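Chemist: Below is the file model39.txt, which contains compact mmCIF, C-alpha atoms.
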```txt
# COMPACT_ATOMS: atom_id res chain seq x y z
CA MET A 17 26.86 -3.65 12.87
CA PRO A 18 27.45 -2.72 9.19
CA ASN A 19 26.57 0.93 8.58
CA ILE A 20 27.71 3.20 5.79
CA GLU A 21 27.24 6.92 5.21
CA THR A 22 24.77 7.64 2.43
CA ASN A 23 23.99 11.31 1.90
CA ASP A 24 23.12 12.67 5.38
CA ILE A 25 22.42 9.35 7.12
CA MET A 26 24.16 6.19 8.28
CA THR A 27 22.46 3.34 6.45
CA TYR A 28 22.30 -0.13 7.98
CA TYR A 29 22.89 -2.89 5.45
CA GLU A 30 23.76 -6.57 5.23
CA ILE A 31 25.46 -8.58 2.48
CA GLN A 32 25.14 -12.35 2.12
CA GLY A 33 26.52 -14.64 -0.59
CA GLN A 34 28.54 -14.08 -3.75
CA GLY A 35 27.76 -13.45 -7.40
CA ASP A 36 25.74 -10.83 -9.24
CA PRO A 37 24.37 -8.19 -6.86
CA LEU A 38 20.70 -8.57 -5.94
CA ILE A 39 19.24 -5.79 -3.80
CA PHE A 40 15.96 -6.20 -1.90
CA VAL A 41 14.12 -3.00 -0.88
CA HIS A 42 11.61 -3.50 1.93
CA GLY A 43 8.08 -2.20 2.35
CA GLY A 44 7.02 0.83 4.31
CA LEU A 45 7.01 0.86 8.12
CA VAL A 46 8.77 -2.51 8.41
CA THR A 47 12.47 -3.34 7.90
CA SER A 48 14.85 -5.41 5.81
CA THR A 49 14.10 -8.40 8.05
CA MET A 50 11.03 -9.00 5.86
CA TRP A 51 13.36 -10.47 3.23
CA GLN A 52 14.84 -13.26 5.36
CA TYR A 53 13.27 -16.05 3.30
CA GLN A 54 14.72 -14.48 0.15
CA VAL A 55 18.15 -13.90 1.71
CA ASP A 56 18.35 -17.53 2.82
CA TYR A 57 17.50 -18.78 -0.66
CA PHE A 58 19.09 -16.32 -3.08
CA SER A 59 22.39 -15.92 -1.22
CA LYS A 60 23.24 -19.37 -2.60
CA PHE A 61 23.37 -17.86 -6.09
CA TYR A 62 23.79 -14.08 -5.71
CA LYS A 63 25.42 -11.40 -3.62
CA VAL A 64 22.29 -10.39 -1.72
CA ILE A 65 22.11 -6.89 -0.25
CA THR A 66 19.39 -5.77 2.14
CA TYR A 67 19.20 -2.45 3.96
CA ASP A 68 16.90 -0.35 6.13
CA ILE A 69 15.39 2.63 4.34
CA ARG A 70 15.82 6.08 5.86
CA GLY A 71 13.51 6.42 8.86
CA HIS A 72 13.26 2.65 9.37
CA GLY A 73 14.92 0.06 11.56
CA LYS A 74 18.62 0.34 12.32
CA THR A 75 19.11 3.18 9.85
CA GLY A 76 16.67 5.22 11.89
CA ILE A 77 15.91 8.90 11.99
CA SER A 78 17.27 11.77 9.93
CA PRO A 79 16.99 15.54 10.44
CA LEU A 80 15.07 16.25 7.23
CA ARG A 81 11.55 17.56 7.81
CA LYS A 82 10.09 15.92 4.72
CA TYR A 83 10.74 12.71 2.79
CA SER A 84 9.97 11.70 -0.78
CA ILE A 85 10.22 8.56 -2.87
CA GLU A 86 12.85 10.32 -4.97
CA LEU A 87 14.92 10.97 -1.83
CA PHE A 88 14.75 7.27 -0.94
CA ALA A 89 15.88 6.42 -4.49
CA ASP A 90 18.85 8.80 -4.16
CA ASP A 91 19.74 7.13 -0.85
CA LEU A 92 19.75 3.78 -2.63
CA LYS A 93 21.96 5.18 -5.38
CA LYS A 94 24.47 6.43 -2.82
CA LEU A 95 24.46 3.05 -1.03
CA ILE A 96 25.19 1.29 -4.33
CA GLU A 97 28.04 3.70 -5.06
CA LYS A 98 29.56 3.34 -1.60
CA LEU A 99 29.46 -0.46 -1.81
CA LYS A 100 31.05 -0.25 -5.29
CA ILE A 101 28.24 -2.28 -6.86
CA THR A 102 27.68 -2.20 -10.61
CA LYS A 103 24.53 -3.14 -12.51
CA PRO A 104 22.50 -4.56 -9.62
CA ILE A 105 19.23 -6.42 -9.84
CA ILE A 106 16.71 -4.52 -7.71
CA CYS A 107 13.60 -6.06 -6.17
CA GLY A 108 11.21 -3.83 -4.24
CA LEU A 109 7.91 -4.57 -2.52
CA SER A 110 5.20 -1.98 -1.79
CA LEU A 111 7.11 1.18 -0.76
CA GLY A 112 10.24 -0.63 -1.92
CA GLY A 113 8.63 -1.04 -5.32
CA MET A 114 7.94 2.68 -5.51
CA ILE A 115 11.59 3.37 -4.67
CA ALA A 116 12.69 0.85 -7.31
CA GLN A 117 10.55 2.62 -9.93
CA ALA A 118 12.00 6.02 -9.06
CA TYR A 119 15.52 4.57 -9.10
CA ALA A 120 14.99 2.91 -12.49
CA THR A 121 13.64 6.04 -14.16
CA LYS A 122 16.51 8.17 -12.82
CA TYR A 123 19.42 5.71 -12.89
CA LEU A 124 18.41 3.26 -15.60
CA GLN A 125 21.96 2.87 -16.89
CA ASP A 126 23.03 1.57 -13.46
CA LEU A 127 20.52 -1.26 -13.36
CA LYS A 128 20.44 -4.80 -14.77
CA THR A 129 16.90 -6.00 -14.15
CA LEU A 130 13.93 -4.86 -12.07
CA ILE A 131 11.35 -6.70 -9.97
CA LEU A 132 8.30 -4.86 -8.63
CA SER A 133 6.11 -6.67 -6.13
CA ASP A 134 2.73 -5.69 -4.68
CA THR A 135 3.30 -2.04 -5.44
CA ALA A 136 1.53 0.96 -6.92
CA ILE A 137 2.67 3.29 -9.67
CA SER A 138 0.85 6.24 -8.15
CA THR A 139 -1.36 6.91 -5.15
CA SER A 140 -3.92 8.56 -7.43
CA LEU A 141 -4.14 6.35 -10.53
CA THR A 142 -7.57 4.72 -10.31
CA CYS A 143 -10.95 6.15 -9.30
CA TRP A 144 -10.68 4.19 -6.03
CA ASP A 145 -7.20 5.65 -5.43
CA LYS A 146 -8.48 9.17 -5.98
CA LEU A 147 -11.51 8.61 -3.76
CA MET A 148 -9.24 7.45 -0.95
CA VAL A 149 -6.52 10.08 -1.36
CA TYR A 150 -8.58 13.18 -2.20
CA ILE A 151 -12.03 12.61 -0.67
CA LEU A 152 -12.15 10.04 2.13
CA PHE A 153 -8.62 10.30 3.56
CA PRO A 154 -6.83 13.37 2.18
CA LYS A 155 -3.31 14.01 3.38
CA TRP A 156 -4.26 17.28 5.12
CA ILE A 157 -6.60 15.29 7.36
CA MET A 158 -4.62 12.09 7.79
CA ILE A 159 -1.30 13.61 8.89
CA PRO A 160 -2.82 15.63 11.78
CA THR A 161 -5.02 12.65 12.66
CA LEU A 162 -2.02 10.36 12.87
CA ARG A 163 -0.17 12.95 14.93
CA MET A 164 -3.06 13.21 17.42
CA MET A 165 -3.87 9.49 17.59
CA GLY A 166 -0.29 8.39 18.01
CA VAL A 167 1.37 5.51 16.21
CA ARG A 168 -0.13 2.69 18.32
CA ASN A 169 -3.75 3.77 17.86
CA PHE A 170 -3.23 4.63 14.21
CA ILE A 171 -1.79 1.17 13.56
CA LYS A 172 -4.87 -0.42 15.14
CA PHE A 173 -7.08 1.72 12.92
CA SER A 174 -5.02 0.92 9.80
CA PHE A 175 -5.27 -2.84 10.26
CA TRP A 176 -8.99 -2.63 11.01
CA PHE A 177 -9.62 -0.50 7.94
CA ALA A 178 -7.48 -2.73 5.70
CA LYS A 179 -9.43 -5.80 6.76
CA LEU A 180 -12.70 -3.97 6.19
CA THR A 181 -11.88 -2.69 2.71
CA ARG A 182 -9.43 -5.28 1.36
CA GLY A 183 -10.21 -8.42 3.33
CA LYS A 184 -8.27 -10.46 5.88
CA GLU A 185 -6.46 -12.31 3.09
CA TRP A 186 -4.79 -9.07 1.98
CA ILE A 187 -2.86 -8.84 5.27
CA GLY A 188 -1.87 -12.48 5.58
CA ASN A 189 -1.85 -14.77 8.59
CA LYS A 190 -1.69 -13.82 12.26
CA GLU A 191 2.07 -14.33 12.42
CA ILE A 192 2.70 -11.89 9.58
CA GLU A 193 0.26 -9.36 11.01
CA GLU A 194 2.05 -9.57 14.38
CA TYR A 195 5.42 -9.09 12.71
CA GLU A 196 4.18 -6.00 10.86
CA ARG A 197 2.59 -4.50 13.97
CA ASN A 198 5.76 -4.99 16.01
CA GLU A 199 7.94 -3.43 13.33
CA MET A 200 5.62 -0.45 12.97
CA LEU A 201 5.55 0.15 16.72
CA LYS A 202 9.34 0.48 16.75
CA MET A 203 9.26 3.51 14.46
CA ASP A 204 9.76 7.03 15.72
CA LYS A 205 6.51 9.00 15.42
CA LYS A 206 8.07 11.80 13.38
CA GLU A 207 9.62 9.28 10.98
CA TYR A 208 6.28 7.51 10.64
CA LEU A 209 4.70 10.80 9.58
CA LYS A 210 7.44 11.60 7.07
CA VAL A 211 7.34 8.15 5.48
CA PHE A 212 3.54 8.25 5.38
CA GLY A 213 3.73 11.63 3.64
CA ALA A 214 6.23 10.37 1.06
CA ILE A 215 3.92 7.50 0.11
CA TYR A 216 0.94 9.84 -0.18
CA ASP A 217 2.85 12.14 -2.55
CA PHE A 218 4.07 9.39 -4.92
CA LYS A 219 3.32 10.24 -8.55
CA LEU A 220 3.49 8.25 -11.75
CA GLN A 221 7.07 7.95 -13.01
CA ASP A 222 8.06 7.92 -16.68
CA LEU A 223 7.88 4.15 -16.81
CA SER A 224 8.13 4.07 -20.61
CA LYS A 225 11.85 4.80 -20.13
CA ILE A 226 12.34 1.45 -18.38
CA ASN A 227 13.22 -0.83 -21.29
CA LEU A 228 15.21 -3.40 -19.31
CA PRO A 229 13.73 -6.76 -18.27
CA THR A 230 11.11 -6.19 -15.58
CA LEU A 231 8.95 -8.59 -13.60
CA VAL A 232 5.80 -7.50 -11.77
CA LEU A 233 4.56 -9.86 -9.06
CA ASN A 234 1.36 -9.63 -7.02
CA GLY A 235 -0.19 -11.90 -4.46
CA GLU A 236 -3.48 -13.29 -5.72
CA ASN A 237 -5.23 -11.64 -2.75
CA GLU A 238 -3.65 -8.26 -3.42
CA SER A 239 -6.13 -5.40 -3.81
CA LYS A 240 -7.97 -5.01 -7.14
CA SER A 241 -6.44 -1.56 -7.45
CA VAL A 242 -2.87 -2.86 -7.31
CA HIS A 243 -3.68 -5.64 -9.80
CA TYR A 244 -4.87 -2.90 -12.12
CA HIS A 245 -1.63 -0.98 -11.53
CA ALA A 246 0.26 -4.09 -12.66
CA GLU A 247 -1.63 -4.10 -15.96
CA VAL A 248 -0.77 -0.43 -16.50
CA MET A 249 2.89 -1.20 -15.80
CA LYS A 250 2.86 -3.90 -18.47
CA ASN A 251 1.39 -1.46 -20.97
CA LEU A 252 3.89 1.30 -20.16
CA MET A 253 7.10 -0.73 -19.92
CA PRO A 254 8.18 -2.39 -23.19
CA ASN A 255 9.97 -5.38 -21.63
CA CYS A 256 7.70 -6.21 -18.71
CA LYS A 257 6.18 -9.52 -17.62
CA SER A 258 3.88 -10.26 -14.69
CA GLY A 259 3.07 -13.14 -12.39
CA ILE A 260 0.70 -14.07 -9.57
CA ILE A 261 1.79 -15.58 -6.27
CA PRO A 262 -0.96 -17.97 -5.10
CA ASN A 263 -2.26 -17.99 -1.54
CA ALA A 264 -0.71 -14.60 -0.81
CA GLY A 265 -1.81 -11.03 -0.29
CA HIS A 266 0.14 -7.78 0.02
CA THR A 267 3.31 -9.31 1.50
CA SER A 268 3.54 -12.13 -1.02
CA ASN A 269 7.22 -12.80 -0.28
CA LEU A 270 6.36 -13.60 3.35
CA GLU A 271 3.03 -15.34 2.83
CA ASN A 272 4.20 -17.75 0.16
CA PRO A 273 8.01 -17.51 0.02
CA LYS A 274 8.40 -20.79 -1.86
CA GLU A 275 6.32 -19.61 -4.83
CA PHE A 276 7.74 -16.07 -4.64
CA ASN A 277 11.31 -17.36 -4.78
CA LYS A 278 10.42 -19.78 -7.56
CA ALA A 279 8.90 -17.04 -9.73
CA LEU A 280 11.81 -14.69 -9.08
CA LYS A 281 14.46 -17.34 -9.74
CA LYS A 282 12.81 -18.38 -13.02
CA PHE A 283 12.80 -14.76 -14.19
CA LEU A 284 16.42 -14.19 -13.18
CA ASN A 285 17.58 -17.39 -14.84
CA THR A 286 16.02 -16.20 -18.08
CA HIS A 287 17.93 -12.94 -17.98
CA GLN A 288 21.37 -14.06 -16.84
CA ASN A 289 24.28 -13.02 -19.05
```
Turn the structure described in the file into structure tokens.
Modeler:
Amino acid sequence: MPNIETNDIMTYYEIQGQGDPLIFVHGGLVTSTMWQYQVDYFSKFYKVITYDIRGHGKTGISPLRKYSIELFADDLKKLIEKLKITKPIICGLSLGGMIAQAYATKYLQDLKTLILSDTAISTSLTCWDKLMVYILFPKWIMIPTLRMMGVRNFIKFSFWFAKLTRGKEWIGNKEIEEYERNEMLKMDKKEYLKVFGAIYDFKLQDLSKINLPTLVLNGENESKSVHYHAEVMKNLMPNCKSGIIPNAGHTSNLENPKEFNKALKKFLNTHQN
């Protein structure tokens, strides 16, 4: 089992293939296994690195009482240093996209290109975001509620609420929903709370600093809010392009891997040295 010390944790990682380094950063409350379709395809052309974020999967728990997106970005930086990787391509989805943004704004010189998929640039950007975060489901209510409900019941509530507010297409098919539920149920309750808190606290990064080639991808059934976030990204980042993955929602890489891989490969081919 490949583990390496990064800051105060032992990070689980896998490397497949050879070539320029391509790092995939998974979404919140799941694990690096969500990238299997991309590993299978891109390891033919690149050195593909996947890893489990602090608090997730085989990396597991850490003693810190609070997490942040910036902490996750520093963990990624340490992993890259320990693996002696230079100028990686980083692709992050959802929480992974938030981490990729924080990494790019802090360690821009150590990055080749950036791909952000189905992700937000802040949890309080739009009016809908603010209504959700500050009025309907503020953090000071949601954290104790999650603690009292327990992970299993909170997951049931989360999927029900997502379907109600964003539609069944946002989640994907039954197989993907089952995968996500199973991954979430494996998480330690305290880690779930810390990761949840980190996502809640995510603030807009100085995206205007990111002048390297960037691709923003969203599933066509992604929420209207996140589609709006993508437009803001394009306006803030001087070298940013966007694309839509058809017949896909929030986990576009899983729901339509063929089109996701095609869009990503086309972008990477354009920006090869």
Chemist: Which polymer residues, whether protein, DNA or RNA, lie within 12 Å of the coordinate (15.1, -15.5, -18.2) when you count all atoms listed in the file? List them as a list of chain:residue names, using the chain letters and numbers from the file.
Modeler: A:Thr129, A:Pro229, A:Thr230, A:Leu231, A:Asn255, A:Cys256, A:Lys257, A:Ala279, A:Leu280, A:Lys281, A:Lys282, A:Phe283, A:Leu284, A:Asn285, A:Thr286, A:His287, A:Gln288, A:Asn289
Chemist: My list of candidates is A:Glu194, A:Phe212, A:Leu130, A:Leu180. Which is closest to Ile159 of chain A when distances are computed with all atoms listed in the file?
Modeler: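 Ranking A:Glu194, A:Phe212, A:Leu130, A:Leu180 by distance to Ile159 of chain A, first place goes to A:Phe212.
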Chemist: Find the axis-aligned box for segment 217-235 of chain A, covering all its listed atoms and adding 5 Å on each side, and write its centre and edge lengths in Å to one decimal as lines of an AutoDock Vina configuration file.
Modeler:
```
center_x = 7.5
center_y = 0.1
center_z = -11.9
size_x = 25.4
size_y = 34.0
size_z = 28.7
```
Chemist: Residues within 12 Å of Leu252 of chain A, please, as a list in words. Count only C-alpha atoms; anything in the same chain fewer than 6 positions from it doesn't count.
Modeler: Ile137, Leu220, Gln221, Asp222, Leu223, Ser224, Lys225, Ile226, Asn227, Thr230, His245 and Ala246 of chain A
Chemist: Would you kindly identify which residues have an atom no farther than 9 Å from (-0.6, -10.5, 5.0), using all atoms listed in the file and the file's own coordinates, and write them out as JSON, numbers by chain?
Modeler: {"A": [184, 185, 186, 187, 188, 189, 190, 191, 192, 193, 196, 264, 265, 266, 267, 268, 270, 271]}
Chemist: Show me, as a list in words, the residues that have an atom within 7 Å of Leu233 of chain A when counting all atoms listed in the file, minus same-chain residues fewer than 3 positions from it.
Modeler: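 After dropping sequence-adjacent residues, the list is Leu132, Ser133, Asp134, Ser258, Gly259, Ile260 and Ile261 of chain A.
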Chemist: When you draw a straight line from atom CA of Met200 of chain A to atom CA of Met164 of chain A, how long is it in Å?
Modeler: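 Atom CA of Met164 of chain A lies at a distance of 16.8 Å from atom CA of Met200 of chain A.
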Chemist: Write out as a PyMOL selection string the residues lying within 8 Å of Asp217 of chain A, counting all atoms listed in the file and excluding same-chain residues fewer than 3 positions away.
Modeler: chain A and resi 84+139+213-214
Chemist: What's around Ala118 of chain A at 7 Å? Count all atoms listed in the file, leave out sequence neighbours fewer than 6 positions away in its own chain, and write the answer as a list in words.
Modeler: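 With the cut-off at 7 Å, the set is Ile85, Glu86, Ala89 and Gln221 of chain A.
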Chemist: For atom CA of Ser59 of chain A and atom CA of Gln32 of chain A, determine how far apart the two atoms are, in Å to one decimal place.
Modeler: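 It comes out at 5.6 Å.
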Chemist: Suppose you want the space between atom CA of His42 of chain A and atom CA of Asp91 of chain A; what is it in Å?
Modeler: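 Calculated distance between atom CA of His42 of chain A and atom CA of Asp91 of chain A is 13.7 Å.
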Chemist: Taking into account all atoms listed in the file, which residue in the set A:Thr75, A:Leu228, A:Thr49, A:Gly108 is nearest to Leu124 of chain A?
Modeler: A:Leu228
Chemist: So which one's closest to Gln125 of chain A, A:Leu109, A:Ser138, A:Lys93, A:Ile65? Using only C-alpha atoms, please.
Modeler: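 Closest to Gln125 of chain A, using only C-alpha atoms: A:Lys93.
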